[in-house]
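**Student:** One structure is given below, represented as structure tokens, and several questions about it will come after.
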Amino acid sequence: MYVEDAVARWSHPARHEVAAKHNPETGQLQYYLARIADIDEPIPAAIGDVIQNLRTSLDHIAYQLVLKDTNGIGVLYTKSGKKRKDPFVHVQFPIFDGPSDYESDKHGQIEGMLQPSIDAIDATEPYKTGNDTIWLIGKLNNIDKHRRLVMMGGCTSIDLGGIFARTISKGLFPRLAVPSFSAFVTDGEIRKAGDVLYTDGSPDAKFDANLRFPPLVAFNEIGVIERKPVIKTLHEMVDLVDGVIIPGFERCFV
């Protein structure tokens, strides 16, 4: 995936800086994110393209359902009796901010579908508090049509493998060469520049430049999705659409 490659290039350790200082109250050594690089310009655009493609996949489902249920004719007239130039122009996969909005406004977007198709759409619960991932696809796609998606850079994980190896070799077996290995863990919270990443409670702790705190790109759309890793979120979206939604509609076309 191009997005993953672009984020990997941005995540190169040389582009960011982790530093350490002693907490004046506890005396413990705290690692913090001193500098985080600006997000590379192609990344938000590429992420927007992925979300657009997912949204388009959903719209194609709705289009094919109307095409099937109207025997290829579409909906020729509006409710006011005006002839449509395009009998499919109204069709899209309905995504709304809540269940009440969905129930009251979905019909204009799925007009022409028969009840089994409508039931299949309903089953996906394409609204906030129903299927939040579908809602997020629709929301971010709408935002991306008008402006660049807001991203932030930060860290959410620490290499505990390195900490473990260092602790073992320094404490229990100081003369034993413990092989280095990586064991990244995360609590899901994005740390931005200035935030503490890790506190070393050892009384004689010194800064260890070998400790790794992999940087990542996160969505930061206030009120929509805040400080959430983009790669993990995009994989969840793709897995839902490609692995669940699309296969789930196959029975509608048998």
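Ligands are numbered from 1 in the order shown, chains are lettered A, B, ... in the order of the structure tokens, and residues start at 1 in each chain.
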Using only C-alpha atoms, which protein or nucleic acid residues come within 10 Å of Asp49 of chain A? Drop anything in the same chain fewer than 6 positions from it, and give the result as JSON, numbers by chain.

**Tutor:** {"A": [3, 43, 55, 141, 144]}

**Student:** Go ahead and save the picked residues with C-alpha atoms, as a PDB file, in the first residue's frame.

**Tutor:**
ATOM      1  CA  VAL A   3       0.214   4.968   2.221  1.00  0.00           C
ATOM      2  CA  ILE A  43       0.334  11.382   2.940  1.00  0.00           C
ATOM      3  CA  ARG A  55     -16.786   5.094  -0.137  1.00  0.00           C
ATOM      4  CA  ASN A 141     -14.745  11.254   2.734  1.00  0.00           C
ATOM      5  CA  ASP A 144     -11.687  15.249   2.255  1.00  0.00           C
TER       6      ASP A 144
END

**Student:** Compile the contact shell of Ser100 of chain A as a PyMOL selection string: residues with an atom at most 12 Å away, counting only C-alpha atoms, same-chain residues fewer than 6 positions apart removed.

**Tutor:** chain A and resi 106+125-130

**Student:** Could those residues be written to a file, using N, CA and C atoms, as a PDB file, in the first residue's frame?

**Tutor:**
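Final output, saved to result35.pdb:
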ATOM      1  N   LYS A 106     -32.965   8.192   4.381  1.00  0.00           N
ATOM      2  CA  LYS A 106     -32.291   7.209   3.522  1.00  0.00           C
ATOM      3  C   LYS A 106     -33.017   6.978   2.202  1.00  0.00           C
ATOM      4  N   GLU A 125     -26.328  -1.098   9.344  1.00  0.00           N
ATOM      5  CA  GLU A 125     -26.421   0.009  10.305  1.00  0.00           C
ATOM      6  C   GLU A 125     -25.428   1.131   9.977  1.00  0.00           C
ATOM      7  N   PRO A 126     -25.576   1.739   8.799  1.00  0.00           N
ATOM      8  CA  PRO A 126     -24.586   2.718   8.338  1.00  0.00           C
ATOM      9  C   PRO A 126     -24.775   4.111   8.947  1.00  0.00           C
ATOM     10  N   TYR A 127     -24.593   4.201  10.235  1.00  0.00           N
ATOM     11  CA  TYR A 127     -24.725   5.485  10.941  1.00  0.00           C
ATOM     12  C   TYR A 127     -23.944   5.403  12.242  1.00  0.00           C
ATOM     13  N   LYS A 128     -23.675   6.554  12.813  1.00  0.00           N
ATOM     14  CA  LYS A 128     -22.952   6.623  14.089  1.00  0.00           C
ATOM     15  C   LYS A 128     -23.799   5.981  15.177  1.00  0.00           C
ATOM     16  N   THR A 129     -23.158   5.226  16.035  1.00  0.00           N
ATOM     17  CA  THR A 129     -23.749   4.392  17.084  1.00  0.00           C
ATOM     18  C   THR A 129     -24.268   3.068  16.518  1.00  0.00           C
ATOM     19  N   GLY A 130     -24.293   2.922  15.201  1.00  0.00           N
ATOM     20  CA  GLY A 130     -24.627   1.646  14.575  1.00  0.00           C
ATOM     21  C   GLY A 130     -23.319   0.982  14.174  1.00  0.00           C
TER      22      GLY A 130
END

**Student:** Under the rule that only C-alpha atoms are counted, which of A:Asn220, A:Ser11, A:Gln28, A:Asn23 is the nearest residue to Ala205 of chain A?

**Tutor:**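 Under the stated criterion, the closest residue is A:Gln28.
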
**Student:** Would you compute the distance between atom CA of Pro42 of chain A and atom CA of Glu221 of chain A? Give it in Å to one decimal.

**Tutor:**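 If I compute the distance from atom CA of Pro42 of chain A to atom CA of Glu221 of chain A, I get 17.9 Å.
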
**Student:** For Pro229 of chain A, which residue out of A:Glu17, A:Asp69, A:Leu216, A:Asp119 is the nearest one, using only C-alpha atoms?

**Tutor:**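 Of A:Glu17, A:Asp69, A:Leu216, A:Asp119, the one nearest Pro229 of chain A, counting only C-alpha atoms, is A:Leu216.
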
**Student:** Hey, can you check how far atom CA of Ala218 of chain A sits from atom CA of Thr233 of chain A?

**Tutor:**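 Separation of atom CA of Ala218 of chain A and atom CA of Thr233 of chain A: 9.0 Å.
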
**Student:** Listing only residues of segment 208-250 of chain A within 10 Å of segment 188-202 of chain A, what is the closest atom pair and its distance in Å (to one decimal) for each, using only C-alpha atoms, sorted by chain and residue number ascending, as a tab-separated table?

**Tutor:**
residue	atom	partner	partner_atom	distance
A:Leu211	CA	A:Tyr198	CA	9.9
A:Phe213	CA	A:Leu197	CA	7.7
A:Pro215	CA	A:Arg191	CA	9.2
A:Leu216	CA	A:Ile190	CA	8.6
A:Val217	CA	A:Ile190	CA	9.3
A:Ala218	CA	A:Ile190	CA	7.7
A:Glu226	CA	A:Ile190	CA	9.2
A:Arg227	CA	A:Ile190	CA	5.6
A:Lys228	CA	A:Ile190	CA	7.0
A:Pro229	CA	A:Ile190	CA	7.9

**Student:** Pick from A:Met151, A:Leu65, A:Ala8, A:Val75: nearest to Arg251 of chain A, with only C-alpha atoms counted?

**Tutor:** A:Leu65

**Student:** As a list in words, please: the residues near Gly248 of chain A (cut-off 12 Å, only C-alpha atoms, same-chain neighbours under 3 positions excluded).

**Tutor:** Leu58, Ile61, Ser117, Asp119, Ala120, Ile121, Ala123, Thr124, Leu240, Val241, Asp242, Gly243, Val244, Ile245, Arg251, Cys252, Phe253 and Val254 of chain A

**Student:** Since we have the selection now, will you write its residues out, keeping C-alpha atoms, as an mmCIF file, in the first residue's frame?

**Tutor:**
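Dumped to result02.cif:
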data_model
loop_
_atom_site.group_PDB
_atom_site.id
_atom_site.type_symbol
_atom_site.label_atom_id
_atom_site.label_comp_id
_atom_site.auth_asym_id
_atom_site.auth_seq_id
_atom_site.Cartn_x
_atom_site.Cartn_y
_atom_site.Cartn_z
ATOM 1 C CA LEU A 58 -20.206 1.216 -1.030
ATOM 2 C CA ILE A 61 -23.244 -1.645 -4.104
ATOM 3 C CA SER A 117 -32.266 -4.830 -0.799
ATOM 4 C CA ASP A 119 -33.234 -4.819 4.452
ATOM 5 C CA ALA A 120 -29.672 -5.681 3.452
ATOM 6 C CA ILE A 121 -28.677 -2.000 3.614
ATOM 7 C CA ALA A 123 -28.536 -4.605 8.370
ATOM 8 C CA THR A 124 -25.217 -2.776 7.960
ATOM 9 C CA LEU A 240 -14.820 -4.205 6.968
ATOM 10 C CA VAL A 241 -15.652 -3.205 3.387
ATOM 11 C CA ASP A 242 -13.679 -5.889 1.574
ATOM 12 C CA GLY A 243 -14.098 -8.689 4.076
ATOM 13 C CA VAL A 244 -17.589 -8.149 5.475
ATOM 14 C CA ILE A 245 -19.768 -5.619 3.618
ATOM 15 C CA ARG A 251 -26.632 -13.031 -1.665
ATOM 16 C CA CYS A 252 -28.626 -10.061 -2.997
ATOM 17 C CA PHE A 253 -27.427 -10.811 -6.513
ATOM 18 C CA VAL A 254 -27.948 -14.580 -6.584
#

**Student:** Using only C-alpha atoms, pick whichever of A:Arg35, A:Lys68, A:Lys82, A:Arg9 has the shortest atom-to-atom distance to Gly153 of chain A.

**Tutor:**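 Of all the options, A:Arg35 lies closest to Gly153 of chain A.
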
**Student:** Compare A:Gln64, A:Gln30, A:Ile39, A:Lys145 by their minimum atom-to-atom distance to Arg15 of chain A, counting only C-alpha atoms, and give me the closest one.

**Tutor:**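 Closest to Arg15 of chain A of all the choices is A:Ile39.
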
**Student:** Which residues are close to Phe96 of chain A, i.e. within 12 Å by only C-alpha atoms, leaving aside same-chain residues fewer than 5 positions away? Reply as an MDAnalysis selection string.

**Tutor:** chainID A and resid 101:106 109 122 125:139 142

**Student:** What does the structure give for the distance between atom CA of Glu236 of chain A and atom CA of Asp97 of chain A, in Å to one decimal?

**Tutor:**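 According to the coordinates, atom CA of Glu236 of chain A and atom CA of Asp97 of chain A are separated by 19.6 Å.
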
**Student:** Between A:Thr78, A:Glu41, A:Leu140, A:Gln92, single out the one closest to Ser57 of chain A, counting only C-alpha atoms.

**Tutor:** A:Gln92

**Student:** Quick one: everything within 10 Å of Leu67 of chain A, counting only C-alpha atoms, minus sequence neighbours fewer than 3 positions away in the same chain. Send it as a list in words.

**Tutor:**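 My list of contacting residues is Ile61, Ala62, Tyr63, Gln64, Thr70, Asn71, Gly72, Ile73, Gly74, Val75, Pro87, Phe88, Val91, Gly112 and Met113 of chain A.
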